[in-house]
>>> print(open('entry-v4.cif').read())   # mmCIF, C-alpha atoms
data_input
#
loop_
_atom_site.label_atom_id
_atom_site.label_comp_id
_atom_site.auth_asym_id
_atom_site.auth_seq_id
_atom_site.Cartn_x
_atom_site.Cartn_y
_atom_site.Cartn_z
CA MET A 513 -6.24 -27.59 -16.90
CA LEU A 514 -6.06 -28.60 -20.57
CA VAL A 515 -5.23 -25.86 -23.08
CA THR A 516 -5.23 -26.94 -26.69
CA THR A 517 -5.87 -23.78 -28.73
CA SER A 518 -3.36 -21.46 -30.34
CA LEU A 519 -3.19 -17.73 -29.68
CA SER A 520 -1.99 -17.04 -33.21
CA GLY A 521 -3.24 -13.64 -34.36
CA LYS A 522 -4.04 -12.49 -30.83
CA VAL A 523 -2.50 -9.37 -29.31
CA ALA A 524 -1.87 -9.12 -25.57
CA ILE A 525 -0.77 -6.40 -23.18
CA VAL A 526 1.01 -7.56 -20.04
CA THR A 527 1.72 -4.92 -17.41
CA GLY A 528 4.67 -5.64 -15.15
CA GLY A 529 5.81 -8.08 -17.83
CA ALA A 530 9.55 -7.50 -17.56
CA LYS A 531 10.22 -9.76 -14.57
CA GLY A 532 8.87 -12.52 -12.36
CA ILE A 533 5.36 -13.81 -12.99
CA GLY A 534 4.78 -11.16 -15.65
CA GLN A 535 7.76 -12.32 -17.68
CA ALA A 536 6.64 -15.95 -17.41
CA ILE A 537 3.23 -14.89 -18.75
CA VAL A 538 4.85 -13.05 -21.65
CA HIS A 539 6.88 -16.13 -22.57
CA ARG A 540 3.82 -18.39 -22.34
CA LEU A 541 1.65 -16.15 -24.52
CA THR A 542 4.30 -15.64 -27.19
CA THR A 543 5.10 -19.37 -27.22
CA ASP A 544 1.43 -20.02 -27.95
CA GLY A 545 1.40 -17.56 -30.85
CA ALA A 546 0.41 -14.16 -29.44
CA ASN A 547 2.14 -10.85 -30.04
CA VAL A 548 2.70 -9.07 -26.73
CA ILE A 549 3.12 -5.50 -25.56
CA VAL A 550 5.10 -5.37 -22.31
CA ALA A 551 4.30 -2.30 -20.20
CA ASP A 552 6.81 -1.92 -17.38
CA CYS A 553 8.92 0.71 -15.64
CA ASP A 554 12.11 -1.41 -15.87
CA VAL A 555 13.47 -0.14 -19.17
CA ARG A 556 16.68 -2.19 -19.22
CA VAL A 557 15.06 -5.59 -18.65
CA GLY A 558 11.96 -4.82 -20.65
CA GLN A 559 13.87 -3.69 -23.72
CA ALA A 560 16.20 -6.70 -23.53
CA LEU A 561 13.15 -8.95 -23.48
CA ALA A 562 11.80 -7.28 -26.62
CA ASP A 563 15.18 -7.31 -28.40
CA ALA A 564 15.42 -11.08 -27.99
CA SER A 565 11.90 -11.77 -29.28
CA GLU A 566 12.31 -11.34 -33.07
CA GLY A 567 9.49 -8.83 -33.15
CA ARG A 568 6.94 -10.80 -31.13
CA ILE A 569 7.34 -8.53 -28.09
CA CYS A 570 7.11 -4.74 -28.05
CA PHE A 571 8.32 -2.97 -24.91
CA VAL A 572 6.75 0.32 -23.83
CA PRO A 573 8.00 2.06 -20.66
CA CYS A 574 5.04 2.81 -18.43
CA ASP A 575 4.12 4.05 -14.96
CA VAL A 576 0.74 2.36 -14.71
CA SER A 577 -0.52 4.95 -12.23
CA GLN A 578 -0.37 7.68 -14.88
CA GLU A 579 -3.36 7.77 -17.22
CA ALA A 580 -1.49 9.43 -20.10
CA GLU A 581 1.14 6.69 -20.06
CA VAL A 582 -1.51 3.97 -19.95
CA GLU A 583 -3.30 5.48 -22.94
CA TYR A 584 -0.01 5.65 -24.82
CA VAL A 585 0.58 1.92 -24.29
CA LEU A 586 -2.92 1.14 -25.57
CA ASP A 587 -2.33 3.36 -28.61
CA VAL A 588 0.99 1.66 -29.37
CA ALA A 589 -0.67 -1.76 -29.20
CA GLU A 590 -3.25 -0.76 -31.79
CA GLN A 591 -0.74 1.04 -34.01
CA ARG A 592 1.78 -1.82 -33.91
CA PHE A 593 -0.55 -4.82 -34.10
CA GLY A 594 -3.97 -3.40 -35.02
CA ARG A 595 -5.99 -4.71 -32.09
CA ILE A 596 -6.07 -5.72 -28.41
CA ASP A 597 -7.45 -9.14 -27.52
CA ILE A 598 -5.92 -9.79 -24.10
CA LEU A 599 -4.99 -7.66 -21.11
CA VAL A 600 -3.08 -9.03 -18.12
CA ASN A 601 -2.83 -6.55 -15.23
CA ASP A 602 0.22 -7.87 -13.37
CA ALA A 603 2.05 -4.65 -12.41
CA ALA A 604 2.12 -4.03 -8.66
CA TRP A 605 4.06 -2.51 -5.81
CA GLN A 606 4.40 -4.80 -2.79
CA LEU A 607 5.11 -2.52 0.15
CA ASN A 608 6.26 -4.51 3.17
CA LYS A 609 5.13 -2.32 6.08
CA PRO A 610 2.71 -2.93 8.95
CA LEU A 611 -0.27 -0.71 9.68
CA LEU A 612 1.32 1.57 12.27
CA GLU A 613 4.38 2.29 10.11
CA THR A 614 2.65 2.94 6.78
CA SER A 615 2.34 6.60 5.80
CA ALA A 616 -0.63 8.03 3.96
CA GLU A 617 1.66 8.77 1.01
CA GLU A 618 2.87 5.15 0.86
CA PHE A 619 -0.67 3.81 1.12
CA ASP A 620 -1.81 6.11 -1.67
CA ARG A 621 1.09 5.11 -3.91
CA VAL A 622 0.35 1.38 -3.51
CA MET A 623 -3.30 1.96 -4.34
CA ARG A 624 -2.39 4.15 -7.34
CA VAL A 625 -0.09 1.52 -8.82
CA ASN A 626 -2.01 -1.63 -7.94
CA VAL A 627 -5.66 -0.57 -8.12
CA THR A 628 -5.82 2.63 -10.19
CA GLY A 629 -3.29 1.24 -12.67
CA SER A 630 -5.36 -1.91 -13.15
CA PHE A 631 -8.53 0.18 -13.49
CA LEU A 632 -7.00 2.48 -16.12
CA PHE A 633 -5.80 -0.42 -18.27
CA LEU A 634 -9.03 -2.37 -17.78
CA LYS A 635 -11.21 0.58 -18.80
CA GLY A 636 -9.01 1.63 -21.71
CA ALA A 637 -8.58 -1.86 -23.14
CA ALA A 638 -12.30 -2.65 -22.77
CA LYS A 639 -13.28 0.50 -24.67
CA ARG A 640 -11.01 -0.48 -27.56
CA MET A 641 -12.28 -4.07 -27.57
CA ILE A 642 -15.88 -2.82 -27.68
CA THR A 643 -15.12 -0.40 -30.53
CA GLN A 644 -13.64 -3.22 -32.62
CA LYS A 645 -16.25 -5.76 -31.45
CA ILE A 646 -13.52 -7.98 -30.03
CA GLU A 647 -14.61 -10.61 -27.50
CA GLY A 648 -11.53 -10.11 -25.39
CA SER A 649 -10.17 -11.39 -22.12
CA ILE A 650 -8.91 -9.40 -19.14
CA VAL A 651 -7.03 -10.98 -16.25
CA ASN A 652 -6.33 -8.98 -13.10
CA PHE A 653 -3.95 -9.97 -10.34
CA SER A 654 -5.31 -10.34 -6.85
CA SER A 655 -3.46 -12.42 -4.25
CA THR A 656 -3.94 -14.84 -1.41
CA ILE A 657 -3.09 -11.82 0.71
CA ALA A 658 -6.59 -10.58 -0.17
CA ILE A 659 -7.98 -13.65 1.61
CA VAL A 660 -5.80 -13.95 4.71
CA GLY A 661 -4.28 -11.43 7.11
CA SER A 662 -0.68 -10.76 8.05
CA PRO A 663 1.17 -8.38 10.38
CA GLY A 664 2.76 -6.55 7.43
CA TYR A 665 1.84 -5.47 3.91
CA LEU A 666 -1.20 -3.45 5.06
CA ALA A 667 -1.50 -1.38 1.89
CA TYR A 668 -0.84 -4.40 -0.32
CA HIS A 669 -3.61 -6.31 1.48
CA ALA A 670 -6.02 -3.45 0.82
CA SER A 671 -5.08 -3.16 -2.84
CA LYS A 672 -5.42 -6.85 -3.65
CA GLY A 673 -8.78 -7.06 -1.91
CA ALA A 674 -9.93 -4.09 -3.98
CA ILE A 675 -8.80 -5.79 -7.19
CA ALA A 676 -10.79 -8.93 -6.37
CA SER A 677 -13.94 -6.84 -5.88
CA MET A 678 -13.25 -4.72 -8.97
CA THR A 679 -12.85 -7.88 -11.04
CA ARG A 680 -16.32 -9.11 -10.10
CA ALA A 681 -17.89 -5.72 -10.87
CA ALA A 682 -16.09 -5.42 -14.21
CA ALA A 683 -17.11 -8.95 -15.20
CA VAL A 684 -20.76 -7.97 -14.79
CA ALA A 685 -20.30 -4.60 -16.52
CA LEU A 686 -18.64 -6.16 -19.58
CA LEU A 687 -20.84 -9.24 -19.82
CA PRO A 688 -23.08 -7.66 -22.52
CA TYR A 689 -19.98 -7.25 -24.72
CA ASN A 690 -18.78 -10.82 -24.13
CA ILE A 691 -15.50 -9.59 -22.66
CA LYS A 692 -14.25 -11.96 -19.97
CA VAL A 693 -12.87 -10.48 -16.77
CA ASN A 694 -11.29 -12.77 -14.20
CA ALA A 695 -8.44 -12.66 -11.71
CA VAL A 696 -5.64 -14.85 -10.45
CA ALA A 697 -4.72 -14.94 -6.76
CA PRO A 698 -1.20 -16.39 -6.54
CA GLY A 699 0.30 -17.70 -3.37
CA THR A 700 3.95 -17.34 -2.41
CA THR A 701 5.81 -17.54 -5.71
CA LEU A 702 9.56 -17.53 -6.27
CA THR A 703 10.08 -14.13 -7.88
CA PRO A 704 12.40 -11.14 -7.42
CA GLY A 705 9.64 -9.62 -5.29
CA LEU A 706 9.74 -12.58 -2.90
CA LEU A 707 13.50 -12.17 -2.53
CA ASP A 708 12.99 -8.46 -1.81
CA GLY A 709 10.48 -9.36 0.88
CA ALA A 710 12.88 -11.85 2.41
CA ARG A 711 15.63 -9.22 2.53
CA ASP A 712 13.23 -6.80 4.20
CA THR A 713 13.13 -9.15 7.20
CA GLY A 714 16.81 -8.38 7.81
CA ASP A 715 18.30 -11.60 6.43
CA GLU A 716 17.32 -13.08 3.07
CA ALA A 717 18.03 -16.72 3.94
CA THR A 718 16.18 -16.54 7.24
CA GLY A 719 13.30 -14.69 5.63
CA LEU A 720 12.95 -17.26 2.85
CA ALA A 721 13.05 -20.09 5.37
CA GLY A 722 10.25 -18.42 7.31
CA PHE A 723 8.12 -18.02 4.20
CA LEU A 724 8.80 -21.62 3.17
CA ALA A 725 7.74 -22.96 6.55
CA LEU A 726 4.23 -21.61 5.89
CA GLN A 727 3.81 -23.50 2.60
CA PRO A 728 1.70 -26.69 2.78
CA MET A 729 3.49 -28.16 -0.26
CA LYS A 730 6.90 -27.30 1.25
CA ARG A 731 7.92 -25.35 -1.81
CA PHE A 732 7.23 -22.00 -3.43
CA GLY A 733 5.10 -21.60 -6.51
CA LYS A 734 6.83 -21.22 -9.86
CA PRO A 735 6.09 -18.22 -12.11
CA GLU A 736 5.39 -20.67 -14.93
CA GLU A 737 2.64 -22.31 -12.87
CA ILE A 738 0.87 -18.97 -12.48
CA ALA A 739 1.36 -18.30 -16.19
CA ASP A 740 -0.45 -21.59 -16.90
CA VAL A 741 -3.50 -20.33 -14.98
CA VAL A 742 -3.45 -17.06 -16.90
CA ARG A 743 -3.16 -18.98 -20.17
CA PHE A 744 -6.32 -20.91 -19.30
CA LEU A 745 -8.19 -17.73 -18.48
CA VAL A 746 -7.31 -15.94 -21.73
CA GLY A 747 -8.23 -18.88 -23.96
CA PRO A 748 -11.64 -20.15 -25.13
CA GLU A 749 -11.41 -23.07 -22.66
CA SER A 750 -12.54 -20.61 -19.95
CA ASN A 751 -15.43 -18.99 -21.84
CA TYR A 752 -17.91 -19.95 -19.08
CA VAL A 753 -15.66 -18.50 -16.36
CA ARG A 754 -16.63 -14.92 -15.50
CA GLY A 755 -15.68 -12.83 -12.47
CA ALA A 756 -13.73 -15.69 -10.91
CA ILE A 757 -10.79 -15.28 -8.58
CA LEU A 758 -8.70 -18.38 -9.30
CA VAL A 759 -6.48 -19.15 -6.33
CA ALA A 760 -3.14 -20.77 -7.16
CA ASP A 761 -1.42 -21.13 -3.80
CA GLY A 762 -0.48 -24.75 -3.12
CA ALA A 763 -3.35 -25.08 -0.61
CA TYR A 764 -2.09 -22.17 1.53
CA THR A 765 -5.52 -20.62 2.07
CA ILE A 766 -7.42 -23.86 2.76
CA ILE A 767 -5.25 -25.37 5.47
#
>>> encode(input="entry-v4.cif", output="C-alpha cells")
Amino acid sequence: MLVTTSLSGKVAIVTGGAKGIGQAIVHRLTTDGANVIVADCDVRVGQALADASEGRICFVPCDVSQEAEVEYVLDVAEQRFGRIDILVNDAAWQLNKPLLETSAEEFDRVMRVNVTGSFLFLKGAAKRMITQKIEGSIVNFSSTIAIVGSPGYLAYHASKGAIASMTRAAAVALLPYNIKVNAVAPGTTLTPGLLDGARDTGDEATGLAGFLALQPMKRFGKPEEIADVVRFLVGPESNYVRGAILVADGAYTII
C-alpha cells in the first residue's frame, strides 16, 4: 500500500482520537501534513495531545451520540481551519456482554455511540463538504466482529454490522459529489480497549492469552498498522475505492 502524497492543507476530524487506534490515526495524519480536530470524551488525554502538537491538533470534547455536540465540533473545524476534507469515525463503545445479559438500555447506548454517532458526523461533514465543493473522504470503522460471531459483544456485533451497511449506502449517496466513503474493519489490535476486554474475562493475562491464541499471525495488530490503512483511504491513491470495507485482521476472518 504505497502512499506518496502529502496531506498539507487538508483538515481532518478524528472521533475517538485521544487513544488507541484513533490516536495513531491522528499522529499519522498530522505527520503527513494535515491539521486535525480530535473529538473525544476523554478531556485529559485529548487536551494533552493537542497541547503537545504546536497547533496542528485542536481538541474538542464530544459525546458523539449528541447531535448538538457533533454540530459544535464541525463548526469548530470550519472556524479554526476553514474547511473539512477528511472525517474518520473511530469513536465507539465496546460493550462486552452476551445476548442474554445485555439490557435494552445498554444495547441502545452502544447503537447511539457507534452507529448514530457515525451517522451524525457523516451527514454533517458531508453537507459541509458539498457546500464548499470539497471532494472529501470519509472513513468509518466497522470490525471483523461484523463478519464473524462470538458468544459476547452482542450489541457491538450489531453496531459494527450496521456501520458496514451504512458505509455502502453512504458511498452511493455521495458518489455524485465525489465524496469517498469507505470503512476499515480491524482485527484484534493492541489498544486500551483490548486490555479492558481482557480484564473483563476476570484475569487480564489469561484473557490476553486467549485472544492471542485465536490470531493466525500469533500477534495482535498494531494501531499504527490500522492508521496506515486509513491513510491510504483518505488519500488520492484510493480514488477508485468506494464503499469498500477493508479488512485488516492478520488473516483472522479467512482461516
>>> closest_atom_pairs(input="entry-v4.cif", of="stretch 582-677 of chain A", to="stretch 685-690 of chain A", cutoff="9 Å", atoms="only C-alpha atoms", output="JSON lines")
{"residue": "A:Ala638", "atom": "CA", "partner": "A:Leu686", "partner_atom": "CA", "distance": 7.9}
{"residue": "A:Met641", "atom": "CA", "partner": "A:Tyr689", "partner_atom": "CA", "distance": 8.8}
{"residue": "A:Ile642", "atom": "CA", "partner": "A:Tyr689", "partner_atom": "CA", "distance": 6.7}
{"residue": "A:Lys645", "atom": "CA", "partner": "A:Tyr689", "partner_atom": "CA", "distance": 7.8}
{"residue": "A:Ile646", "atom": "CA", "partner": "A:Tyr689", "partner_atom": "CA", "distance": 8.4}
{"residue": "A:Glu647", "atom": "CA", "partner": "A:Asn690", "partner_atom": "CA", "distance": 5.4}
{"residue": "A:Gly648", "atom": "CA", "partner": "A:Asn690", "partner_atom": "CA", "distance": 7.4}
{"residue": "A:Ser649", "atom": "CA", "partner": "A:Asn690", "partner_atom": "CA", "distance": 8.9}
>>> write_last_selection(input="entry-v4.cif", atoms="C-alpha atoms", output="mmCIF file, keeping the file's coordinate frame")
data_model
loop_
_atom_site.group_PDB
_atom_site.id
_atom_site.type_symbol
_atom_site.label_atom_id
_atom_site.label_comp_id
_atom_site.auth_asym_id
_atom_site.auth_seq_id
_atom_site.Cartn_x
_atom_site.Cartn_y
_atom_site.Cartn_z
ATOM 1 C CA ALA A 638 -12.300 -2.650 -22.770
ATOM 2 C CA MET A 641 -12.280 -4.070 -27.570
ATOM 3 C CA ILE A 642 -15.880 -2.820 -27.680
ATOM 4 C CA LYS A 645 -16.250 -5.760 -31.450
ATOM 5 C CA ILE A 646 -13.520 -7.980 -30.030
ATOM 6 C CA GLU A 647 -14.610 -10.610 -27.500
ATOM 7 C CA GLY A 648 -11.530 -10.110 -25.390
ATOM 8 C CA SER A 649 -10.170 -11.390 -22.120
#
>>> residues_around(input="entry-v4.cif", residues="A:Leu720", least_positions_apart="4", cutoff="10 Å", atoms="only C-alpha atoms", output="list in words")
Leu702, Leu706, Leu707, Asp708, Gly709, Ala710, Arg711, Thr713, Asp715, Glu716, Leu724, Ala725 and Phe732 of chain A
>>> residues_near_point(input="entry-v4.cif", point="(-0.9, -2.3, 4.6)", cutoff="6 Å", atoms="all atoms listed in the file", output="CSV table (one decimal) with C-alpha atoms, in the coordinates of the input")
chain,number,residue,atom,x,y,z
A,610,PRO,CA,2.7,-2.9,9.0
A,611,LEU,CA,-0.3,-0.7,9.7
A,665,TYR,CA,1.8,-5.5,3.9
A,666,LEU,CA,-1.2,-3.4,5.1
A,667,ALA,CA,-1.5,-1.4,1.9
A,668,TYR,CA,-0.8,-4.4,-0.3
A,669,HIS,CA,-3.6,-6.3,1.5
>>> residues_around(input="entry-v4.cif", residues="A:Ala524", least_positions_apart="6", cutoff="8 Å", atoms="all atoms listed in the file", output="mmCIF file with C-alpha atoms, in the coordinates of the input")
data_model
loop_
_atom_site.group_PDB
_atom_site.id
_atom_site.type_symbol
_atom_site.label_atom_id
_atom_site.label_comp_id
_atom_site.auth_asym_id
_atom_site.auth_seq_id
_atom_site.Cartn_x
_atom_site.Cartn_y
_atom_site.Cartn_z
ATOM 1 C CA LEU A 541 1.650 -16.150 -24.520
ATOM 2 C CA ALA A 546 0.410 -14.160 -29.440
ATOM 3 C CA ASN A 547 2.140 -10.850 -30.040
ATOM 4 C CA VAL A 548 2.700 -9.070 -26.730
ATOM 5 C CA ILE A 549 3.120 -5.500 -25.560
ATOM 6 C CA ILE A 596 -6.070 -5.720 -28.410
ATOM 7 C CA ASP A 597 -7.450 -9.140 -27.520
ATOM 8 C CA ILE A 598 -5.920 -9.790 -24.100
ATOM 9 C CA LEU A 599 -4.990 -7.660 -21.110
ATOM 10 C CA VAL A 600 -3.080 -9.030 -18.120
#
>>> resolve_selection(input="entry-v4.cif", expression="the PyMOL selection byres ((chain A and resi 766) around 12)", output="VMD selection string")
chain A and resid 656 659 to 660 699 727 to 728 759 to 765 767
>>> resolve_selection(input="entry-v4.cif", expression="the PyMOL selection byres ((chain A and resi 733-743) around 6)", output="tab-separated table (two decimals) with C-alpha atoms, keeping the file's coordinate frame")
chain	number	residue	atom	x	y	z
A	533	ILE	CA	5.36	-13.81	-12.99
A	536	ALA	CA	6.64	-15.95	-17.41
A	537	ILE	CA	3.23	-14.89	-18.75
A	701	THR	CA	5.81	-17.54	-5.71
A	702	LEU	CA	9.56	-17.53	-6.27
A	732	PHE	CA	7.23	-22.00	-3.43
A	744	PHE	CA	-6.32	-20.91	-19.30
A	745	LEU	CA	-8.19	-17.73	-18.48
A	746	VAL	CA	-7.31	-15.94	-21.73
>>> atom_distance(input="entry-v4.cif", atom1="atom CA of A:Trp605", atom2="atom CA of A:Gly664")
13.9 Å
>>> closest_residue(input="entry-v4.cif", among="A:Val576, A:Val588, A:Ala670, A:Ala637", to="A:Arg624", atoms="all atoms listed in the file")
A:Val576
>>> atom_distance(input="entry-v4.cif", atom1="atom CA of A:Arg621", atom2="atom CA of A:Val555")
20.3 Å
>>> build_atoms(input="entry-v4.cif", residues="stretch 536-563 of chain A", atoms="N, CA and C atoms", output="PDB file, in the coordinates of the input")
ATOM      1  N   ALA A 536       7.064 -14.580 -17.106  1.00  0.00           N
ATOM      2  CA  ALA A 536       6.640 -15.950 -17.410  1.00  0.00           C
ATOM      3  C   ALA A 536       5.364 -15.942 -18.248  1.00  0.00           C
ATOM      4  N   ILE A 537       4.453 -15.016 -17.963  1.00  0.00           N
ATOM      5  CA  ILE A 537       3.230 -14.890 -18.750  1.00  0.00           C
ATOM      6  C   ILE A 537       3.544 -14.466 -20.172  1.00  0.00           C
ATOM      7  N   VAL A 538       4.449 -13.506 -20.321  1.00  0.00           N
ATOM      8  CA  VAL A 538       4.850 -13.050 -21.650  1.00  0.00           C
ATOM      9  C   VAL A 538       5.412 -14.211 -22.468  1.00  0.00           C
ATOM     10  N   HIS A 539       6.296 -14.987 -21.864  1.00  0.00           N
ATOM     11  CA  HIS A 539       6.880 -16.130 -22.570  1.00  0.00           C
ATOM     12  C   HIS A 539       5.807 -17.149 -22.953  1.00  0.00           C
ATOM     13  N   ARG A 540       4.862 -17.395 -22.053  1.00  0.00           N
ATOM     14  CA  ARG A 540       3.820 -18.390 -22.340  1.00  0.00           C
ATOM     15  C   ARG A 540       2.927 -17.922 -23.486  1.00  0.00           C
ATOM     16  N   LEU A 541       2.544 -16.653 -23.478  1.00  0.00           N
ATOM     17  CA  LEU A 541       1.650 -16.150 -24.520  1.00  0.00           C
ATOM     18  C   LEU A 541       2.334 -16.110 -25.882  1.00  0.00           C
ATOM     19  N   THR A 542       3.589 -15.686 -25.909  1.00  0.00           N
ATOM     20  CA  THR A 542       4.300 -15.640 -27.190  1.00  0.00           C
ATOM     21  C   THR A 542       4.570 -17.056 -27.710  1.00  0.00           C
ATOM     22  N   THR A 543       4.892 -17.978 -26.812  1.00  0.00           N
ATOM     23  CA  THR A 543       5.100 -19.370 -27.220  1.00  0.00           C
ATOM     24  C   THR A 543       3.857 -19.944 -27.880  1.00  0.00           C
ATOM     25  N   ASP A 544       2.692 -19.520 -27.399  1.00  0.00           N
ATOM     26  CA  ASP A 544       1.430 -20.020 -27.950  1.00  0.00           C
ATOM     27  C   ASP A 544       0.914 -19.179 -29.112  1.00  0.00           C
ATOM     28  N   GLY A 545       1.729 -18.245 -29.608  1.00  0.00           N
ATOM     29  CA  GLY A 545       1.400 -17.560 -30.850  1.00  0.00           C
ATOM     30  C   GLY A 545       1.015 -16.108 -30.772  1.00  0.00           C
ATOM     31  N   ALA A 546       0.847 -15.551 -29.571  1.00  0.00           N
ATOM     32  CA  ALA A 546       0.410 -14.160 -29.440  1.00  0.00           C
ATOM     33  C   ALA A 546       1.564 -13.185 -29.654  1.00  0.00           C
ATOM     34  N   ASN A 547       1.225 -11.984 -30.095  1.00  0.00           N
ATOM     35  CA  ASN A 547       2.140 -10.850 -30.040  1.00  0.00           C
ATOM     36  C   ASN A 547       1.846 -10.104 -28.744  1.00  0.00           C
ATOM     37  N   VAL A 548       2.891  -9.617 -28.072  1.00  0.00           N
ATOM     38  CA  VAL A 548       2.700  -9.070 -26.730  1.00  0.00           C
ATOM     39  C   VAL A 548       3.347  -7.699 -26.580  1.00  0.00           C
ATOM     40  N   ILE A 549       2.593  -6.788 -25.999  1.00  0.00           N
ATOM     41  CA  ILE A 549       3.120  -5.500 -25.560  1.00  0.00           C
ATOM     42  C   ILE A 549       3.451  -5.628 -24.075  1.00  0.00           C
ATOM     43  N   VAL A 550       4.687  -5.369 -23.710  1.00  0.00           N
ATOM     44  CA  VAL A 550       5.100  -5.370 -22.310  1.00  0.00           C
ATOM     45  C   VAL A 550       5.141  -3.935 -21.813  1.00  0.00           C
ATOM     46  N   ALA A 551       4.331  -3.626 -20.813  1.00  0.00           N
ATOM     47  CA  ALA A 551       4.300  -2.300 -20.200  1.00  0.00           C
ATOM     48  C   ALA A 551       4.932  -2.403 -18.819  1.00  0.00           C
ATOM     49  N   ASP A 552       6.066  -1.762 -18.635  1.00  0.00           N
ATOM     50  CA  ASP A 552       6.810  -1.920 -17.380  1.00  0.00           C
ATOM     51  C   ASP A 552       7.691  -0.695 -17.180  1.00  0.00           C
ATOM     52  N   CYS A 553       8.049  -0.422 -15.925  1.00  0.00           N
ATOM     53  CA  CYS A 553       8.920   0.710 -15.640  1.00  0.00           C
ATOM     54  C   CYS A 553      10.399   0.333 -15.683  1.00  0.00           C
ATOM     55  N   ASP A 554      10.712  -0.953 -15.799  1.00  0.00           N
ATOM     56  CA  ASP A 554      12.110  -1.410 -15.870  1.00  0.00           C
ATOM     57  C   ASP A 554      12.543  -1.406 -17.336  1.00  0.00           C
ATOM     58  N   VAL A 555      13.128  -0.319 -17.764  1.00  0.00           N
ATOM     59  CA  VAL A 555      13.470  -0.140 -19.170  1.00  0.00           C
ATOM     60  C   VAL A 555      14.545  -1.126 -19.619  1.00  0.00           C
ATOM     61  N   ARG A 556      15.561  -1.328 -18.810  1.00  0.00           N
ATOM     62  CA  ARG A 556      16.680  -2.190 -19.220  1.00  0.00           C
ATOM     63  C   ARG A 556      16.210  -3.615 -19.471  1.00  0.00           C
ATOM     64  N   VAL A 557      15.500  -4.199 -18.512  1.00  0.00           N
ATOM     65  CA  VAL A 557      15.060  -5.590 -18.650  1.00  0.00           C
ATOM     66  C   VAL A 557      13.964  -5.717 -19.691  1.00  0.00           C
ATOM     67  N   GLY A 558      13.048  -4.763 -19.700  1.00  0.00           N
ATOM     68  CA  GLY A 558      11.960  -4.820 -20.650  1.00  0.00           C
ATOM     69  C   GLY A 558      12.430  -4.729 -22.090  1.00  0.00           C
ATOM     70  N   GLN A 559      13.364  -3.833 -22.361  1.00  0.00           N
ATOM     71  CA  GLN A 559      13.870  -3.690 -23.720  1.00  0.00           C
ATOM     72  C   GLN A 559      14.673  -4.907 -24.143  1.00  0.00           C
ATOM     73  N   ALA A 560      15.435  -5.476 -23.207  1.00  0.00           N
ATOM     74  CA  ALA A 560      16.200  -6.700 -23.530  1.00  0.00           C
ATOM     75  C   ALA A 560      15.261  -7.842 -23.886  1.00  0.00           C
ATOM     76  N   LEU A 561      14.141  -7.922 -23.193  1.00  0.00           N
ATOM     77  CA  LEU A 561      13.150  -8.950 -23.480  1.00  0.00           C
ATOM     78  C   LEU A 561      12.609  -8.784 -24.902  1.00  0.00           C
ATOM     79  N   ALA A 562      12.317  -7.541 -25.278  1.00  0.00           N
ATOM     80  CA  ALA A 562      11.800  -7.280 -26.620  1.00  0.00           C
ATOM     81  C   ALA A 562      12.863  -7.543 -27.689  1.00  0.00           C
ATOM     82  N   ASP A 563      14.101  -7.145 -27.413  1.00  0.00           N
ATOM     83  CA  ASP A 563      15.180  -7.310 -28.400  1.00  0.00           C
ATOM     84  C   ASP A 563      15.430  -8.768 -28.740  1.00  0.00           C
TER      85      ASP A 563
END
